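The next block is query.txt, given as compact mmCIF, C-alpha atoms.
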```
# COMPACT_ATOMS: atom_id res chain seq x y z
CA MET V 281 -94.40 88.97 45.24
CA ASP V 282 -94.01 92.41 46.78
CA LYS V 283 -93.31 95.34 44.53
CA ILE V 284 -91.89 98.76 45.34
CA LYS V 285 -94.58 101.29 46.18
CA LYS V 286 -95.07 104.16 48.63
CA ASN V 287 -93.48 103.51 52.03
CA THR V 288 -91.43 100.55 50.83
CA LEU V 289 -88.02 100.35 52.47
CA VAL V 290 -85.73 99.48 49.58
CA SER V 291 -82.25 98.02 49.79
CA MET V 292 -80.32 98.05 46.55
CA ARG V 293 -76.90 97.82 45.06
CA ILE V 294 -76.19 100.96 43.05
CA LYS V 295 -73.43 102.33 40.90
CA LEU V 296 -73.25 105.93 39.70
CA GLU V 297 -71.13 106.71 36.65
CA ASP V 298 -70.69 109.70 34.40
CA GLU V 299 -71.39 109.30 30.70
CA GLU V 300 -67.79 108.29 30.01
CA GLY V 301 -68.16 105.39 32.43
CA ASN V 302 -66.04 106.87 35.22
CA ILE V 303 -67.35 105.55 38.53
CA ILE V 304 -68.58 108.30 40.84
CA ASP V 305 -69.98 106.08 43.54
CA ASP V 306 -70.14 102.32 43.82
CA SER V 307 -72.19 101.39 46.80
CA ASP V 308 -72.54 97.81 47.99
CA GLU V 309 -75.83 98.64 49.57
CA LEU V 310 -78.00 101.72 49.73
CA MET V 311 -81.28 101.85 51.61
CA TYR V 312 -83.98 104.42 51.08
CA LEU V 313 -87.66 104.89 51.82
CA HIS V 314 -89.71 104.98 48.62
CA GLY V 315 -92.51 107.50 48.28
CA GLY V 316 -91.32 110.95 47.32
CA TYR V 317 -89.27 111.68 50.43
CA ALA V 318 -86.40 113.11 48.37
CA GLN V 319 -83.95 110.50 49.64
CA ILE V 320 -82.81 109.64 46.11
CA PHE V 321 -83.13 111.40 42.75
CA GLN V 322 -86.79 111.67 41.72
CA LYS V 323 -86.24 110.20 38.25
CA LEU V 324 -84.47 107.18 39.77
CA GLU V 325 -87.27 106.72 42.27
CA ASP V 326 -89.83 106.86 39.45
CA ALA V 327 -87.89 104.16 37.58
CA LEU V 328 -87.84 101.88 40.64
CA MET V 329 -91.60 102.07 41.22
CA GLY V 330 -93.16 98.61 40.83
CA LYS V 331 -89.86 96.72 40.74
CA LYS V 332 -89.28 93.63 42.84
CA VAL V 333 -86.31 91.88 44.44
CA GLY V 334 -83.81 90.76 41.82
CA ASP V 335 -84.89 93.37 39.27
CA THR V 336 -82.16 95.53 37.82
CA PHE V 337 -82.29 99.16 36.75
CA HIS V 338 -80.35 101.47 34.48
CA VAL V 339 -81.34 105.14 34.50
CA THR V 340 -79.66 108.13 32.86
CA LEU V 341 -80.11 111.43 34.68
CA THR V 342 -79.50 114.78 33.02
CA PRO V 343 -77.50 117.25 35.09
CA ALA V 344 -80.74 119.00 36.09
CA GLU V 345 -82.19 115.67 37.32
CA ALA V 346 -79.00 114.87 39.24
CA PHE V 347 -76.83 117.50 40.94
CA GLY V 348 -77.98 120.53 38.94
CA GLU V 349 -76.69 122.48 35.96
CA TYR V 350 -73.38 124.26 36.31
CA ASP V 351 -74.16 127.83 37.33
CA GLU V 352 -71.51 130.44 36.51
CA SER V 353 -73.13 132.88 38.93
CA LEU V 354 -72.07 130.56 41.78
CA VAL V 355 -68.41 131.17 40.99
CA LEU V 356 -66.93 134.21 42.74
CA LYS V 357 -63.58 135.93 42.53
CA GLU V 358 -62.85 137.48 45.91
CA LEU V 359 -59.97 139.56 47.22
CA LEU V 360 -57.94 137.56 49.72
CA GLU V 361 -58.02 140.48 52.15
CA ASP V 362 -61.82 140.08 52.34
CA LEU V 363 -61.57 136.40 53.31
CA PRO V 364 -60.45 134.57 56.46
CA GLU V 365 -56.66 134.36 56.64
CA ASP V 366 -56.39 130.62 57.06
CA ILE V 367 -58.19 129.54 53.89
CA ALA V 368 -56.70 126.94 51.58
CA VAL V 369 -57.85 125.18 48.43
CA GLY V 370 -60.76 122.99 49.50
CA THR V 371 -61.82 125.20 52.42
CA GLU V 372 -65.60 125.52 52.69
CA LEU V 373 -67.11 128.93 53.40
CA ASP V 374 -70.77 129.61 54.10
CA GLY V 375 -72.38 131.98 51.64
CA GLU V 376 -74.68 134.79 52.69
CA GLU V 377 -77.69 132.83 51.49
CA GLU V 378 -78.93 129.96 53.63
CA GLY V 379 -77.60 126.58 52.51
CA ILE V 380 -75.04 127.93 50.04
CA VAL V 381 -71.51 126.71 50.65
CA TYR V 382 -68.58 127.95 48.63
CA VAL V 383 -65.47 125.84 48.18
CA VAL V 384 -62.14 127.57 47.59
CA GLU V 385 -61.04 126.36 44.15
CA SER V 386 -57.83 128.28 43.69
CA ILE V 387 -55.78 130.99 45.35
CA ASP V 388 -53.27 133.34 43.80
CA GLU V 389 -51.40 136.26 45.31
CA LYS V 390 -54.40 138.54 45.42
CA TYR V 391 -57.58 136.57 44.79
CA ALA V 392 -59.37 133.37 45.63
CA ILE V 393 -61.88 131.67 43.33
CA LEU V 394 -64.89 130.37 45.27
CA ASN V 395 -67.36 127.93 43.75
CA ALA V 396 -70.73 126.94 45.21
CA ASN V 397 -71.63 124.48 42.44
CA HIS V 398 -71.89 120.85 43.51
CA GLU V 399 -68.74 119.07 42.33
CA LEU V 400 -70.94 117.02 40.00
CA ALA V 401 -72.98 119.97 38.71
CA GLY V 402 -73.33 119.88 34.95
CA VAL V 403 -72.60 116.14 34.85
CA ALA V 404 -75.10 113.63 33.47
CA ILE V 405 -75.21 110.53 35.64
CA VAL V 406 -75.96 106.92 34.83
CA ALA V 407 -77.37 104.98 37.79
CA SER V 408 -77.51 101.21 37.59
CA GLY V 409 -77.94 98.40 40.04
CA GLU V 410 -80.16 95.71 41.46
CA ILE V 411 -82.92 95.53 44.04
CA LEU V 412 -81.67 93.40 46.96
CA GLU V 413 -84.50 93.54 49.48
CA ILE V 414 -87.78 95.33 49.99
CA GLU V 415 -89.99 95.68 53.01
CA GLN V 416 -93.39 97.33 53.01
CA LEU V 417 -93.76 99.63 56.00
CA SER V 418 -96.97 100.88 57.54
CA ASP V 419 -97.54 104.62 57.26
CA GLU V 420 -96.73 104.85 60.97
CA ALA V 421 -93.44 102.95 60.66
CA ALA V 422 -92.44 105.06 57.65
CA LYS V 423 -93.17 108.24 59.56
CA GLU V 424 -91.12 107.06 62.55
CA LEU V 425 -88.22 106.16 60.28
CA LEU V 426 -88.25 109.62 58.68
CA GLU V 427 -88.55 111.39 62.04
CA GLY V 428 -85.69 109.30 63.41
CA GLU V 429 -83.46 110.44 60.56
CA HIS V 430 -84.05 114.10 61.27
CA GLN V 431 -82.90 113.75 64.87
CA HIS V 432 -79.31 112.87 63.99
```
Target encoding structure tokens, full file:
Amino acid sequence: MDKIKKNTLVSMRIKLEDEEGNIIDDSDELMYLHGGYAQIFQKLEDALMGKKVGDTFHVTLTPAEAFGEYDESLVLKELLEDLPEDIAVGTELDGEEEGIVYVVESIDEKYAILNANHELAGVAIVASGEILEIEQLSDEAAKELLEGEHQH
């Protein structure tokens, strides 16, 4: 019976909840390539290593292992006159640093509060589910799959 190892294409049912049991994401089927390709959380990937079809999993991720700790320094209070005129709550603005995106959280008469934390930053996450299917890929096939993803 095949087990999950490097370059295994894994199909699983997965549910993400916070610690209170509120469902964050309930996915009928998620596929990922196993082997440290950062397609899923590392701790979850570690927990799935060696599992086979039909196995279930239940992993608790600390905020740092999931979407990161909440970082107060990523919350900015900006004068409206310094921002684009057409912003609204929920507008995304690129930060000066590469890859940082601020979301407008609130607007009053003079200021807007911008937050670049992931909406689930600071939240511990419980991931549970079941392995549906696994397929061992050759190194070549795995490489092609990864390269194909980067072209989209």
Please produce, as a Markdown table, a per-residue contact table for region 291-395 of chain V versus region 407-414 of chain V (criterion: any atom at most 9 Å away, only C-alpha atoms considered), showing the nearest atom pair and its distance in Å to one decimal, sorted by chain then residue number.
```
| residue | atom | partner | partner_atom | distance |
| --- | --- | --- | --- | --- |
| V:Ser291 | CA | V:Glu413 | CA | 5.0 |
| V:Met292 | CA | V:Ile411 | CA | 4.4 |
| V:Arg293 | CA | V:Gly409 | CA | 5.2 |
| V:Ile294 | CA | V:Gly409 | CA | 4.3 |
| V:Lys295 | CA | V:Ser408 | CA | 5.4 |
| V:Leu296 | CA | V:Ala407 | CA | 4.6 |
| V:Glu297 | CA | V:Ala407 | CA | 6.6 |
| V:Asp298 | CA | V:Ala407 | CA | 8.9 |
| V:Glu309 | CA | V:Leu412 | CA | 8.3 |
| V:Leu324 | CA | V:Ala407 | CA | 7.7 |
| V:Leu328 | CA | V:Ile411 | CA | 8.7 |
| V:Lys331 | CA | V:Ile411 | CA | 7.8 |
| V:Lys332 | CA | V:Ile411 | CA | 6.7 |
| V:Val333 | CA | V:Ile411 | CA | 5.0 |
| V:Gly334 | CA | V:Ile411 | CA | 5.3 |
| V:Asp335 | CA | V:Ile411 | CA | 5.6 |
| V:Thr336 | CA | V:Glu410 | CA | 4.2 |
| V:Phe337 | CA | V:Ser408 | CA | 5.3 |
| V:His338 | CA | V:Ser408 | CA | 4.2 |
| V:Val339 | CA | V:Ala407 | CA | 5.2 |
| V:Thr340 | CA | V:Ala407 | CA | 6.3 |
| V:Leu341 | CA | V:Ala407 | CA | 7.7 |
```
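A straight line drawn from CA of Thr371 (chain V) to CA of Val384 (chain V) is 5.4 Å long.
Note that the spacing between CA of Leu356 (chain V) and CA of Asn395 (chain V) amounts to 6.4 Å.
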Practice task
One decimal, Å: what's the distance from CA of Leu417 (chain V) over to CA of Thr288 (chain V), could you say?
Solution key: 5.7 Å
Completion exercise
Among V:Ala368, V:Ala396, V:Glu377, V:Asp306, Tyr350 (chain V) is approached most closely, using all atoms listed in the file, by V:Ala396
I'd like the box whose edges run along x, y and z of the file and which contains every listed atom of region 372-381 of chain V, padded by 3 Å per side; could you state its centre and edge lengths in Å, one decimal, as lines of an AutoDock Vina configuration file?
```
center_x = -72.3
center_y = 130.2
center_z = 52.1
size_x = 19.3
size_y = 15.3
size_z = 10.1
```
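Among the candidates V:Glu345, V:Glu365, V:Glu376, V:Asp419, the one nearest to His314 (chain V) when counting all atoms listed in the file is V:Asp419.
Comparing the minimum interatomic distances between Val403 (chain V) and each of V:Ser353, V:Ser307, V:Asn302, V:Thr342, counting only C-alpha atoms, we find that V:Thr342 sits nearest.
Residue nearest Gly301 (chain V) within the list V:Ile380, V:Ile405, V:Ile387, V:Leu400: V:Ile405 [criterion: smallest interatomic distance, all atoms listed in the file].
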Practice task
Would you mind telling me which residue in V:Ile320, V:Ile367, V:Met311, V:Leu289 lies nearest to Ala392 (chain V) when using only C-alpha atoms?
Solution key: V:Ile367
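Using all atoms listed in the file for every distance, the candidate list V:Leu363, V:Met329, V:Ala401, V:Val381 yields V:Ala401 as the residue closest to Asp351 (chain V).
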